[in-house]
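Peer 1: File structure34.cif follows (mmCIF, C-alpha atoms and all ligand atoms):
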data_model
loop_
_atom_site.label_atom_id
_atom_site.label_comp_id
_atom_site.auth_asym_id
_atom_site.auth_seq_id
_atom_site.Cartn_x
_atom_site.Cartn_y
_atom_site.Cartn_z
CA MET A 9 -8.04 25.11 -21.15
CA PHE A 10 -9.34 27.97 -19.03
CA ASN A 11 -7.89 31.46 -19.46
CA PHE A 12 -7.83 34.13 -16.72
CA PHE A 13 -6.69 37.75 -16.86
CA ILE A 14 -4.65 39.47 -14.16
CA SER A 15 -2.94 42.86 -13.83
CA PRO A 16 0.90 43.13 -13.80
CA GLU A 17 0.98 43.75 -10.05
CA GLN A 18 -0.62 40.32 -9.49
CA LEU A 19 2.44 38.62 -10.99
CA ASN A 20 5.71 38.43 -9.11
CA SER A 21 8.76 36.22 -9.81
CA GLY A 22 6.81 33.53 -11.63
CA ILE A 23 3.94 33.41 -9.14
CA ALA A 24 0.51 34.75 -10.14
CA GLN A 25 -2.26 35.64 -7.72
CA ILE A 26 -5.87 35.44 -8.96
CA GLN A 27 -8.52 37.20 -6.88
CA GLY A 28 -12.08 38.48 -7.05
CA LYS A 29 -14.75 36.79 -9.19
CA ASP A 30 -12.17 34.53 -10.90
CA PHE A 31 -10.99 33.28 -7.48
CA ASN A 32 -14.58 32.30 -6.69
CA HIS A 33 -15.03 30.73 -10.13
CA ILE A 34 -11.86 28.62 -9.86
CA LYS A 35 -12.48 27.54 -6.27
CA ASN A 36 -16.24 27.15 -6.02
CA VAL A 37 -17.54 26.69 -9.57
CA LEU A 38 -14.75 24.86 -11.37
CA ARG A 39 -13.57 23.34 -8.08
CA MET A 40 -10.04 23.22 -9.42
CA GLU A 41 -7.43 21.39 -7.43
CA LYS A 42 -3.68 21.71 -6.82
CA GLY A 43 -1.68 20.87 -9.95
CA GLU A 44 -4.44 21.73 -12.44
CA LYS A 45 -3.24 23.81 -15.37
CA PHE A 46 -4.74 26.91 -16.98
CA LEU A 47 -3.68 30.05 -18.83
CA VAL A 48 -3.02 33.38 -17.12
CA SER A 49 -2.88 36.43 -19.42
CA VAL A 50 -1.16 39.61 -18.33
CA SER A 51 -0.21 42.67 -20.44
CA GLY A 52 -0.99 40.86 -23.67
CA VAL A 53 1.00 37.70 -22.92
CA SER A 54 -0.44 34.30 -21.98
CA HIS A 55 1.46 31.98 -19.62
CA LEU A 56 0.74 28.35 -18.78
CA CYS A 57 0.24 28.05 -15.01
CA SER A 58 -0.25 25.32 -12.47
CA LEU A 59 -2.46 25.78 -9.41
CA LYS A 60 -0.33 25.75 -6.26
CA GLU A 61 -2.69 26.63 -3.43
CA PHE A 62 -5.68 28.63 -2.26
CA THR A 63 -5.56 31.34 0.38
CA THR A 64 -8.69 32.91 1.86
CA ASP A 65 -9.12 35.24 -1.09
CA SER A 66 -6.63 34.19 -3.78
CA VAL A 67 -5.58 31.39 -6.07
CA ILE A 68 -1.79 31.10 -6.06
CA CYS A 69 -0.45 29.64 -9.27
CA GLU A 70 3.01 29.10 -10.66
CA ILE A 71 4.05 29.91 -14.23
CA ILE A 72 5.35 26.70 -15.78
CA GLU A 73 5.69 28.01 -19.34
CA GLU A 74 6.04 31.68 -20.25
CA ASN A 75 4.63 33.15 -23.49
CA TYR A 76 2.71 29.91 -23.91
CA LEU A 77 0.20 31.31 -26.37
CA ASP A 78 0.25 34.32 -28.72
CA THR A 79 -3.20 34.89 -30.22
CA ALA A 80 -2.79 38.58 -31.06
CA LEU A 81 -3.33 39.79 -34.65
CA PRO A 82 -0.45 41.49 -36.52
CA ILE A 83 -2.56 44.71 -36.41
CA ASN A 84 -4.87 46.49 -33.97
CA ILE A 85 -8.49 46.96 -35.03
CA HIS A 86 -10.78 49.63 -33.54
CA LEU A 87 -14.39 48.89 -34.54
CA PHE A 88 -16.65 51.96 -34.59
CA GLN A 89 -20.08 50.33 -34.72
CA GLY A 90 -23.19 52.34 -35.62
CA LEU A 91 -25.43 51.79 -32.58
CA PRO A 92 -27.86 49.06 -33.72
CA LYS A 93 -31.24 48.02 -32.37
CA SER A 94 -31.81 45.51 -29.56
CA ASP A 95 -29.09 43.04 -28.62
CA LYS A 96 -27.30 43.01 -32.01
CA LEU A 97 -24.38 44.87 -30.46
CA GLU A 98 -23.87 42.03 -27.98
CA LEU A 99 -23.49 39.57 -30.89
CA ILE A 100 -21.17 41.97 -32.72
CA ILE A 101 -18.99 42.41 -29.62
CA GLN A 102 -18.80 38.68 -28.96
CA LYS A 103 -17.78 37.87 -32.57
CA ALA A 104 -15.44 40.83 -33.06
CA VAL A 105 -13.56 39.83 -29.88
CA GLU A 106 -13.23 36.23 -31.10
CA LEU A 107 -11.89 37.60 -34.41
CA GLY A 108 -9.22 39.69 -32.74
CA VAL A 109 -10.55 43.25 -32.40
CA THR A 110 -8.66 45.52 -29.97
CA GLU A 111 -11.28 48.18 -29.16
CA ILE A 112 -14.97 48.67 -29.86
CA THR A 113 -16.80 52.00 -29.75
CA PRO A 114 -20.56 52.14 -30.34
CA VAL A 115 -21.38 55.28 -32.33
CA GLU A 116 -24.67 57.18 -32.10
CA MET A 117 -25.08 57.82 -35.81
CA ALA A 118 -27.75 59.98 -37.46
CA ARG A 119 -29.76 56.93 -38.46
CA SER A 120 -29.27 54.97 -35.21
CA ILE A 121 -32.79 54.27 -33.94
CA VAL A 122 -31.59 53.58 -30.39
CA LYS A 123 -30.89 56.68 -28.29
CA LEU A 124 -29.42 55.92 -24.83
CA GLU A 125 -29.75 58.12 -21.74
CA PRO A 126 -26.42 58.73 -19.87
CA LYS A 127 -27.27 56.31 -17.02
CA LYS A 128 -28.35 53.63 -19.52
CA LYS A 129 -25.15 54.20 -21.51
CA LYS A 130 -23.05 53.46 -18.43
CA ASP A 131 -25.04 50.33 -17.52
CA LYS A 132 -25.03 49.05 -21.11
CA THR A 133 -21.29 49.64 -21.47
CA GLU A 134 -20.62 47.62 -18.31
CA ARG A 135 -22.65 44.75 -19.80
CA TRP A 136 -20.91 45.05 -23.17
CA GLN A 137 -17.50 45.00 -21.45
CA ALA A 138 -18.50 41.84 -19.57
CA ILE A 139 -19.43 40.22 -22.90
CA ALA A 140 -16.04 41.22 -24.30
CA GLU A 141 -14.29 39.67 -21.27
CA SER A 142 -16.23 36.43 -21.54
CA SER A 143 -15.51 36.17 -25.28
CA ALA A 144 -11.83 36.97 -24.68
CA LYS A 145 -11.60 34.14 -22.15
CA GLN A 146 -13.38 31.68 -24.45
CA SER A 147 -11.27 32.56 -27.50
CA LYS A 148 -8.01 32.59 -25.52
CA ARG A 149 -7.27 36.22 -26.26
CA THR A 150 -4.19 37.60 -24.50
CA ILE A 151 -5.99 40.89 -23.80
CA ILE A 152 -9.55 41.87 -22.93
CA PRO A 153 -10.60 44.31 -25.69
CA THR A 154 -12.05 47.59 -24.41
CA VAL A 155 -15.66 48.51 -25.14
CA HIS A 156 -16.02 52.28 -24.84
CA GLU A 157 -19.17 54.22 -23.99
CA PRO A 158 -21.16 55.31 -27.06
CA ILE A 159 -20.00 58.59 -28.67
CA THR A 160 -21.19 60.80 -31.52
CA PHE A 161 -20.03 60.27 -35.10
CA LYS A 162 -18.07 63.53 -35.00
CA ASN A 163 -16.16 62.42 -31.89
CA ALA A 164 -15.64 58.96 -33.37
CA ILE A 165 -14.01 60.44 -36.48
CA SER A 166 -11.70 62.61 -34.34
CA VAL A 167 -10.62 59.49 -32.43
CA ALA A 168 -10.18 57.49 -35.66
CA LYS A 169 -8.10 60.28 -37.25
CA SER A 170 -5.21 59.34 -34.95
CA THR A 171 -5.16 55.77 -36.30
CA ASP A 172 -3.21 54.65 -39.37
CA LEU A 173 -6.17 53.80 -41.61
CA ILE A 174 -9.94 54.38 -41.60
CA ILE A 175 -11.97 51.81 -43.55
CA LEU A 176 -15.66 52.58 -44.11
CA PRO A 177 -17.62 49.75 -45.75
CA PHE A 178 -20.31 51.59 -47.72
CA GLU A 179 -23.12 49.78 -49.45
CA CYS A 180 -23.14 52.36 -52.27
CA ALA A 181 -19.42 51.89 -53.04
CA ASN A 182 -18.79 50.09 -56.34
CA GLY A 183 -16.51 47.17 -57.11
CA MET A 184 -13.93 45.38 -55.02
CA ASP A 185 -10.83 47.24 -56.22
CA ALA A 186 -10.98 49.76 -53.34
CA LEU A 187 -11.06 46.95 -50.74
CA LYS A 188 -8.25 45.13 -52.50
CA SER A 189 -5.98 48.18 -52.52
CA VAL A 190 -6.78 49.13 -48.92
CA LEU A 191 -5.92 45.62 -47.72
CA ALA A 192 -2.65 45.75 -49.65
CA GLU A 193 -1.65 48.92 -47.75
CA ILE A 194 -2.03 47.37 -44.30
CA LYS A 195 1.26 46.87 -42.51
CA GLN A 196 2.29 44.98 -39.35
CA GLY A 197 1.50 46.94 -36.17
CA MET A 198 -0.99 49.34 -37.81
CA MET A 199 -4.05 50.59 -35.89
CA VAL A 200 -6.95 50.24 -38.33
CA SER A 201 -10.35 51.89 -37.72
CA VAL A 202 -13.48 50.31 -39.17
CA PHE A 203 -16.79 52.20 -39.38
CA ILE A 204 -19.99 50.20 -39.86
CA GLY A 205 -23.36 51.90 -40.22
CA PRO A 206 -26.47 50.95 -38.21
CA GLU A 207 -29.54 49.34 -39.80
CA GLY A 208 -30.38 52.57 -41.62
CA GLY A 209 -26.87 53.03 -42.93
CA PHE A 210 -24.75 56.20 -42.95
CA ASP A 211 -26.17 59.66 -43.40
CA GLU A 212 -24.73 61.47 -46.49
CA SER A 213 -23.07 64.06 -44.23
CA GLU A 214 -21.41 61.29 -42.21
CA VAL A 215 -19.96 59.76 -45.36
CA GLN A 216 -18.67 63.16 -46.49
CA THR A 217 -17.13 63.88 -43.06
CA ALA A 218 -15.46 60.49 -43.14
CA ILE A 219 -14.06 61.11 -46.64
CA ASP A 220 -12.85 64.58 -45.60
CA ASN A 221 -10.92 62.86 -42.79
CA GLY A 222 -9.23 60.31 -45.02
CA ALA A 223 -11.65 57.38 -44.70
CA ARG A 224 -11.45 54.82 -47.48
CA LEU A 225 -14.88 53.71 -48.72
CA VAL A 226 -15.02 50.06 -49.72
CA SER A 227 -17.69 47.66 -50.94
CA LEU A 228 -18.33 44.31 -49.24
CA GLY A 229 -19.97 42.97 -52.39
CA LYS A 230 -23.18 43.45 -54.38
CA ARG A 231 -25.61 42.48 -51.64
CA ILE A 232 -26.86 44.64 -48.77
CA LEU A 233 -25.63 43.06 -45.54
CA ARG A 234 -27.17 43.46 -42.09
CA THR A 235 -25.10 45.67 -39.85
CA GLU A 236 -24.00 42.73 -37.72
CA THR A 237 -23.01 40.74 -40.83
CA ALA A 238 -21.00 43.66 -42.22
CA SER A 239 -19.21 44.15 -38.92
CA ILE A 240 -18.29 40.54 -38.39
CA LEU A 241 -17.33 40.09 -42.06
CA THR A 242 -15.07 43.16 -42.12
CA VAL A 243 -13.23 42.30 -38.89
CA GLY A 244 -13.00 38.70 -40.10
CA ALA A 245 -11.62 39.75 -43.48
CA LEU A 246 -8.97 41.93 -41.80
CA MET A 247 -8.10 39.04 -39.47
CA LEU A 248 -7.68 36.51 -42.29
CA HIS A 249 -5.85 38.94 -44.58
CA THR A 250 -3.32 39.99 -41.93
CA GLU A 251 -2.83 36.48 -40.52
CA MET A 252 -2.11 35.19 -44.03
CA ASN A 253 -0.03 38.07 -45.34
CA LEU A 254 1.77 39.82 -42.47
N1 LIG B 301 -28.45 51.61 -46.28
C1 LIG B 301 -28.55 50.15 -46.32
C2 LIG B 301 -29.76 49.72 -47.16
O1 LIG B 301 -29.86 50.27 -48.26
O2 LIG B 301 -30.55 48.89 -46.74
C3 LIG B 301 -28.63 49.60 -44.92
C4 LIG B 301 -27.32 49.71 -44.21
S1 LIG B 301 -26.62 48.18 -43.85
C5 LIG B 301 -27.91 47.35 -43.10
C6 LIG B 301 -25.60 48.57 -42.46
C7 LIG B 301 -24.14 48.82 -42.76
O3 LIG B 301 -23.51 47.64 -43.21
C8 LIG B 301 -23.86 49.83 -43.85
O4 LIG B 301 -23.95 51.16 -43.37
C9 LIG B 301 -22.46 49.47 -44.26
O5 LIG B 301 -21.54 49.99 -43.29
C10 LIG B 301 -22.49 47.95 -44.15
N2 LIG B 301 -22.81 47.29 -45.39
C11 LIG B 301 -23.89 46.54 -45.66
N3 LIG B 301 -23.83 46.02 -46.90
C12 LIG B 301 -22.67 46.48 -47.46
C13 LIG B 301 -22.02 46.30 -48.73
N4 LIG B 301 -22.54 45.54 -49.68
N5 LIG B 301 -20.85 46.94 -48.94
C14 LIG B 301 -20.29 47.73 -47.97
N6 LIG B 301 -20.85 47.92 -46.76
C15 LIG B 301 -22.03 47.31 -46.50
#
Starting from the coordinates I provided, produce the structure as structure tokens.
Ligand code: SAM

Peer 2:
Amino acid sequence: MFNFFISPEQLNSGIAQIQGKDFNHIKNVLRMEKGEKFLVSVSGVSHLCSLKEFTTDSVICEIIEENYLDTALPINIHLFQGLPKSDKLELIIQKAVELGVTEITPVEMARSIVKLEPKKKKDKTERWQAIAESSAKQSKRTIIPTVHEPITFKNAISVAKSTDLIILPFECANGMDALKSVLAEIKQGMMVSVFIGPEGGFDESEVQTAIDNGARLVSLGKRILRTETASILTVGALMLHTEMNL
């Protein structure tokens, strides 16, 4: 079933109005007809709707079942991803959105090979946000996670400091006890920050800064994982742990 996102002002007394590129998609690509059903997500809630009519620039649909689907995780996850090479970040964004992440911030870390000019940053972020939207639609998310413009590690830590927990998977951390105890501390409604290094890993000073700001270093096992594997695994582990235990 298709899933479309609207803003609160596009919903009034049980009638939703879909406009813009989704209007064109519904009318001209999907060629939907009166009576067809799909999901409309607004402010984190998904409703089941039925297509009523088309106007010149809108799809008018009626909510037939409110709060039809709740796919949100019991926690919010902000992924701070060390800026990786090539299109790895697109894969990471797509998978992290499917797994329930709330926000993603690419971080220009000391060992990030890619350095983006301001104009390129803006263009790339628009593309990354579009990937997040497409993945949110496909995975029936009730929100479209935000992909922020890349920031420095120092700024990323100051953003993460305001969250409830900072988890930093570190390939030099030993044993699984740290991960076990961090997972046990996670409570319903927490905002959890996850820092993943780029291909070259974290710089020593970045690890120290993270520790000084309360980050919890954890191991993801004895093998060295690619950055994209570590990202997807960590968000996935948080998703499974919280879905099973909270
Ligand atoms: N410095 C690593 C090496 O020796 O090849 C490369 C870094 S790894 C490709 C990228 C990131 O994935 C790391 O910075 C870390 O965040 C995460 N990672 C990879 N393997 C890990 C492991 N076994 N435990 C914890 N984190 C890991």

Peer 1: Got a sec to check which residues sit within 12 Å of (2.5, 44.5, -24.3), counting only C-alpha atoms, and write them as a compact mmCIF listing (two decimals) with C-alpha atoms, keeping the file's coordinate frame?

Peer 2:
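Just written: selection-v3.txt:
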# COMPACT_ATOMS: atom_id res chain seq x y z
CA SER A 15 -2.94 42.86 -13.83
CA PRO A 16 0.90 43.13 -13.80
CA SER A 49 -2.88 36.43 -19.42
CA VAL A 50 -1.16 39.61 -18.33
CA SER A 51 -0.21 42.67 -20.44
CA GLY A 52 -0.99 40.86 -23.67
CA VAL A 53 1.00 37.70 -22.92
CA SER A 54 -0.44 34.30 -21.98
CA ASN A 75 4.63 33.15 -23.49
CA ASP A 78 0.25 34.32 -28.72
CA ALA A 80 -2.79 38.58 -31.06
CA THR A 150 -4.19 37.60 -24.50
CA ILE A 151 -5.99 40.89 -23.80

Peer 1: Return as an mmCIF file with C-alpha atoms, in the frame of the given file the residues of protein, DNA or RNA that approach ligand LIG 301 (chain B) to within 6 Å, with only C-alpha atoms and all ligand atoms taken into account.

Peer 2:
data_model
loop_
_atom_site.group_PDB
_atom_site.id
_atom_site.type_symbol
_atom_site.label_atom_id
_atom_site.label_comp_id
_atom_site.auth_asym_id
_atom_site.auth_seq_id
_atom_site.Cartn_x
_atom_site.Cartn_y
_atom_site.Cartn_z
ATOM 1 C CA PRO A 177 -17.620 49.750 -45.750
ATOM 2 C CA PHE A 178 -20.310 51.590 -47.720
ATOM 3 C CA GLU A 179 -23.120 49.780 -49.450
ATOM 4 C CA ILE A 204 -19.990 50.200 -39.860
ATOM 5 C CA GLY A 205 -23.360 51.900 -40.220
ATOM 6 C CA PRO A 206 -26.470 50.950 -38.210
ATOM 7 C CA GLU A 207 -29.540 49.340 -39.800
ATOM 8 C CA GLY A 208 -30.380 52.570 -41.620
ATOM 9 C CA GLY A 209 -26.870 53.030 -42.930
ATOM 10 C CA PHE A 210 -24.750 56.200 -42.950
ATOM 11 C CA SER A 227 -17.690 47.660 -50.940
ATOM 12 C CA LEU A 228 -18.330 44.310 -49.240
ATOM 13 C CA GLY A 229 -19.970 42.970 -52.390
ATOM 14 C CA LYS A 230 -23.180 43.450 -54.380
ATOM 15 C CA ARG A 231 -25.610 42.480 -51.640
ATOM 16 C CA ILE A 232 -26.860 44.640 -48.770
ATOM 17 C CA LEU A 233 -25.630 43.060 -45.540
ATOM 18 C CA ARG A 234 -27.170 43.460 -42.090
ATOM 19 C CA THR A 235 -25.100 45.670 -39.850
ATOM 20 C CA ALA A 238 -21.000 43.660 -42.220
#

Peer 1: Can you measure atom CA of A:Ser120 to atom CA of A:Leu91 for me? One decimal in Å is fine.

Peer 2: 5.6 Å

Peer 1: May I ask which of the residues A:Ile139, A:Leu56, A:Cys69, A:Leu246 is the closest one to A:Leu87, counting all atoms listed in the file?

Peer 2: A:Leu246

Peer 1: Using all atoms listed in the file for the distances, tell me which of A:Asp131, A:Glu61, A:Asp172, A:Glu111 is nearest to A:Gly197.

Peer 2: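 Selected residue with least distance to A:Gly197: A:Asp172.
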
Peer 1: Could you name the residues that touch A:Val122 at 12 Å or less, counting all atoms listed in the file, but leaving out those on the same chain fewer than 2 positions away, as a list in words?

Peer 2: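 The neighbour list is Gly90, Leu91, Pro92, Lys93, Ser94, Asp95, Lys96, Leu97, Pro114, Val115, Glu116, Met117, Ala118, Arg119, Ser120, Leu124, Glu125, Lys128, Lys129, Pro158, Pro206, Glu207 and Gly208 of chain A.
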
Peer 1: Rounded to one decimal, what separation in Å do you get between atom CA of A:Ser142 and atom CA of A:Val48?

Peer 2: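 If I compute the distance from atom CA of A:Ser142 to atom CA of A:Val48, I get 14.3 Å.
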
Peer 1: Report as a PyMOL selection string all protein, DNA and RNA residues lying within 12 Å of A:Lys29, evaluated on only C-alpha atoms, omitting residues in the same chain fewer than 4 positions from it.

Peer 2: chain A and resi 12-14+33-37+65-67

Peer 1: If you measure from atom CA of A:Met40 to atom CA of A:Glu73, what distance in Å do you get, rounded to one decimal?

Peer 2: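 Here the two named atoms are 19.2 Å from each other.
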
Peer 1: Name the residues in contact with stretch 100-109 of chain A at a cut-off of 10 Å, using only C-alpha atoms, excluding same-chain residues fewer than 2 positions from it; report them as a ChimeraX atom specification.

Peer 2: /A:79-87,89,92,95-98,111-114,136-155,200,235-248

Peer 1: Put those residues in a file: C-alpha atoms, as a short mmCIF file (atom, residue, chain, number, x, y, z; two decimals), in the coordinates of the input.

Peer 2:
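out_17.cif, freshly written:
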data_model
loop_
_atom_site.label_atom_id
_atom_site.label_comp_id
_atom_site.auth_asym_id
_atom_site.auth_seq_id
_atom_site.Cartn_x
_atom_site.Cartn_y
_atom_site.Cartn_z
CA THR A 79 -3.20 34.89 -30.22
CA ALA A 80 -2.79 38.58 -31.06
CA LEU A 81 -3.33 39.79 -34.65
CA PRO A 82 -0.45 41.49 -36.52
CA ILE A 83 -2.56 44.71 -36.41
CA ASN A 84 -4.87 46.49 -33.97
CA ILE A 85 -8.49 46.96 -35.03
CA HIS A 86 -10.78 49.63 -33.54
CA LEU A 87 -14.39 48.89 -34.54
CA GLN A 89 -20.08 50.33 -34.72
CA PRO A 92 -27.86 49.06 -33.72
CA ASP A 95 -29.09 43.04 -28.62
CA LYS A 96 -27.30 43.01 -32.01
CA LEU A 97 -24.38 44.87 -30.46
CA GLU A 98 -23.87 42.03 -27.98
CA GLU A 111 -11.28 48.18 -29.16
CA ILE A 112 -14.97 48.67 -29.86
CA THR A 113 -16.80 52.00 -29.75
CA PRO A 114 -20.56 52.14 -30.34
CA TRP A 136 -20.91 45.05 -23.17
CA GLN A 137 -17.50 45.00 -21.45
CA ALA A 138 -18.50 41.84 -19.57
CA ILE A 139 -19.43 40.22 -22.90
CA ALA A 140 -16.04 41.22 -24.30
CA GLU A 141 -14.29 39.67 -21.27
CA SER A 142 -16.23 36.43 -21.54
CA SER A 143 -15.51 36.17 -25.28
CA ALA A 144 -11.83 36.97 -24.68
CA LYS A 145 -11.60 34.14 -22.15
CA GLN A 146 -13.38 31.68 -24.45
CA SER A 147 -11.27 32.56 -27.50
CA LYS A 148 -8.01 32.59 -25.52
CA ARG A 149 -7.27 36.22 -26.26
CA THR A 150 -4.19 37.60 -24.50
CA ILE A 151 -5.99 40.89 -23.80
CA ILE A 152 -9.55 41.87 -22.93
CA PRO A 153 -10.60 44.31 -25.69
CA THR A 154 -12.05 47.59 -24.41
CA VAL A 155 -15.66 48.51 -25.14
CA VAL A 200 -6.95 50.24 -38.33
CA THR A 235 -25.10 45.67 -39.85
CA GLU A 236 -24.00 42.73 -37.72
CA THR A 237 -23.01 40.74 -40.83
CA ALA A 238 -21.00 43.66 -42.22
CA SER A 239 -19.21 44.15 -38.92
CA ILE A 240 -18.29 40.54 -38.39
CA LEU A 241 -17.33 40.09 -42.06
CA THR A 242 -15.07 43.16 -42.12
CA VAL A 243 -13.23 42.30 -38.89
CA GLY A 244 -13.00 38.70 -40.10
CA ALA A 245 -11.62 39.75 -43.48
CA LEU A 246 -8.97 41.93 -41.80
CA MET A 247 -8.10 39.04 -39.47
CA LEU A 248 -7.68 36.51 -42.29
#

Peer 1: Between A:Gly22, A:Leu38, A:Met252, A:Val202, single out the one closest to A:His55, counting all atoms listed in the file.

Peer 2: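 The answer is A:Gly22, which sits nearest to A:His55.
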
Peer 1: What are the centre and edge lengths in Å, to one decimal, of the axis-aligned box around all listed atoms of stretch 67-82 of chain A with 8 Å added on each side, as lines of an AutoDock Vina configuration file?

Peer 2:
center_x = 0.2
center_y = 34.1
center_z = -21.3
size_x = 27.6
size_y = 30.8
size_z = 46.5

Peer 1: With all atoms listed in the file as the basis for distance, which of A:Val226, A:Ile175, A:Ile26, A:Leu77 is at the shortest distance from A:Met9?

Peer 2: A:Leu77

Peer 1: Excluding same-chain residues fewer than 5 positions from A:Ala24, what lies within 6 Å of it counting only C-alpha atoms, as a list in words?

Peer 2: Gln18, Leu19, Ile68 and Cys69 of chain A

Peer 1: Kindly export the residues of the current selection with C-alpha atoms, as a tab-separated table (two decimals), keeping the file's coordinate frame.

Peer 2:
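Final file, part07.tsv:
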chain	number	residue	atom	x	y	z
A	18	GLN	CA	-0.62	40.32	-9.49
A	19	LEU	CA	2.44	38.62	-10.99
A	68	ILE	CA	-1.79	31.10	-6.06
A	69	CYS	CA	-0.45	29.64	-9.27

Peer 1: Taking all atoms listed in the file into account, which of A:Ala186, A:Ile72, A:Met198, A:Leu99 comes nearest A:Ser170?

Peer 2: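 Checking each candidate against A:Ser170, we get A:Met198 as the closest.
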
Peer 1: Where atoms are absent from stretch 136-151 of chain A, fill them in so it carries N, CA, C and O atoms, then output it as a PDB file, keeping the file's coordinate frame.

Peer 2:
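Writing the result to out.pdb gives the following:
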ATOM      1  N   TRP A 136     -21.667  45.343 -21.948  1.00  0.00           N
ATOM      2  CA  TRP A 136     -20.910  45.050 -23.170  1.00  0.00           C
ATOM      3  C   TRP A 136     -19.476  44.658 -22.837  1.00  0.00           C
ATOM      4  O   TRP A 136     -18.927  43.734 -23.436  1.00  0.00           O
ATOM      5  N   GLN A 137     -18.873  45.307 -21.855  1.00  0.00           N
ATOM      6  CA  GLN A 137     -17.500  45.000 -21.450  1.00  0.00           C
ATOM      7  C   GLN A 137     -17.436  43.583 -20.878  1.00  0.00           C
ATOM      8  O   GLN A 137     -16.488  42.831 -21.158  1.00  0.00           O
ATOM      9  N   ALA A 138     -18.473  43.201 -20.134  1.00  0.00           N
ATOM     10  CA  ALA A 138     -18.500  41.840 -19.570  1.00  0.00           C
ATOM     11  C   ALA A 138     -18.597  40.799 -20.687  1.00  0.00           C
ATOM     12  O   ALA A 138     -17.967  39.738 -20.629  1.00  0.00           O
ATOM     13  N   ILE A 139     -19.333  41.130 -21.750  1.00  0.00           N
ATOM     14  CA  ILE A 139     -19.430  40.220 -22.900  1.00  0.00           C
ATOM     15  C   ILE A 139     -18.078  40.109 -23.587  1.00  0.00           C
ATOM     16  O   ILE A 139     -17.621  39.022 -23.958  1.00  0.00           O
ATOM     17  N   ALA A 140     -17.378  41.225 -23.680  1.00  0.00           N
ATOM     18  CA  ALA A 140     -16.040  41.220 -24.300  1.00  0.00           C
ATOM     19  C   ALA A 140     -15.088  40.352 -23.475  1.00  0.00           C
ATOM     20  O   ALA A 140     -14.317  39.542 -24.025  1.00  0.00           O
ATOM     21  N   GLU A 141     -15.175  40.461 -22.135  1.00  0.00           N
ATOM     22  CA  GLU A 141     -14.290  39.670 -21.270  1.00  0.00           C
ATOM     23  C   GLU A 141     -14.578  38.179 -21.416  1.00  0.00           C
ATOM     24  O   GLU A 141     -13.671  37.366 -21.587  1.00  0.00           O
ATOM     25  N   SER A 142     -15.857  37.845 -21.435  1.00  0.00           N
ATOM     26  CA  SER A 142     -16.230  36.430 -21.540  1.00  0.00           C
ATOM     27  C   SER A 142     -15.772  35.856 -22.890  1.00  0.00           C
ATOM     28  O   SER A 142     -15.217  34.763 -22.964  1.00  0.00           O
ATOM     29  N   SER A 143     -15.930  36.638 -23.949  1.00  0.00           N
ATOM     30  CA  SER A 143     -15.510  36.170 -25.280  1.00  0.00           C
ATOM     31  C   SER A 143     -13.991  36.087 -25.373  1.00  0.00           C
ATOM     32  O   SER A 143     -13.427  35.187 -26.005  1.00  0.00           O
ATOM     33  N   ALA A 144     -13.306  37.003 -24.687  1.00  0.00           N
ATOM     34  CA  ALA A 144     -11.830  36.970 -24.680  1.00  0.00           C
ATOM     35  C   ALA A 144     -11.328  35.725 -23.966  1.00  0.00           C
ATOM     36  O   ALA A 144     -10.372  35.077 -24.404  1.00  0.00           O
ATOM     37  N   LYS A 145     -11.982  35.362 -22.874  1.00  0.00           N
ATOM     38  CA  LYS A 145     -11.600  34.140 -22.150  1.00  0.00           C
ATOM     39  C   LYS A 145     -11.829  32.930 -23.045  1.00  0.00           C
ATOM     40  O   LYS A 145     -10.941  32.095 -23.235  1.00  0.00           O
ATOM     41  N   GLN A 146     -13.020  32.875 -23.646  1.00  0.00           N
ATOM     42  CA  GLN A 146     -13.380  31.680 -24.450  1.00  0.00           C
ATOM     43  C   GLN A 146     -12.440  31.524 -25.639  1.00  0.00           C
ATOM     44  O   GLN A 146     -12.006  30.441 -25.987  1.00  0.00           O
ATOM     45  N   SER A 147     -12.078  32.651 -26.266  1.00  0.00           N
ATOM     46  CA  SER A 147     -11.270  32.560 -27.500  1.00  0.00           C
ATOM     47  C   SER A 147      -9.778  32.640 -27.219  1.00  0.00           C
ATOM     48  O   SER A 147      -8.977  32.762 -28.148  1.00  0.00           O
ATOM     49  N   LYS A 148      -9.423  32.585 -25.946  1.00  0.00           N
ATOM     50  CA  LYS A 148      -8.010  32.590 -25.520  1.00  0.00           C
ATOM     51  C   LYS A 148      -7.270  33.819 -26.035  1.00  0.00           C
ATOM     52  O   LYS A 148      -6.145  33.729 -26.539  1.00  0.00           O
ATOM     53  N   ARG A 149      -7.944  34.965 -25.930  1.00  0.00           N
ATOM     54  CA  ARG A 149      -7.270  36.220 -26.260  1.00  0.00           C
ATOM     55  C   ARG A 149      -6.224  36.490 -25.191  1.00  0.00           C
ATOM     56  O   ARG A 149      -6.369  36.060 -24.033  1.00  0.00           O
ATOM     57  N   THR A 150      -5.182  37.239 -25.528  1.00  0.00           N
ATOM     58  CA  THR A 150      -4.190  37.600 -24.500  1.00  0.00           C
ATOM     59  C   THR A 150      -4.515  38.953 -23.885  1.00  0.00           C
ATOM     60  O   THR A 150      -3.855  39.394 -22.961  1.00  0.00           O
ATOM     61  N   ILE A 151      -5.517  39.642 -24.429  1.00  0.00           N
ATOM     62  CA  ILE A 151      -5.990  40.890 -23.800  1.00  0.00           C
ATOM     63  C   ILE A 151      -7.511  40.856 -23.755  1.00  0.00           C
ATOM     64  O   ILE A 151      -8.139  40.086 -24.483  1.00  0.00           O
TER      65      ILE A 151
END
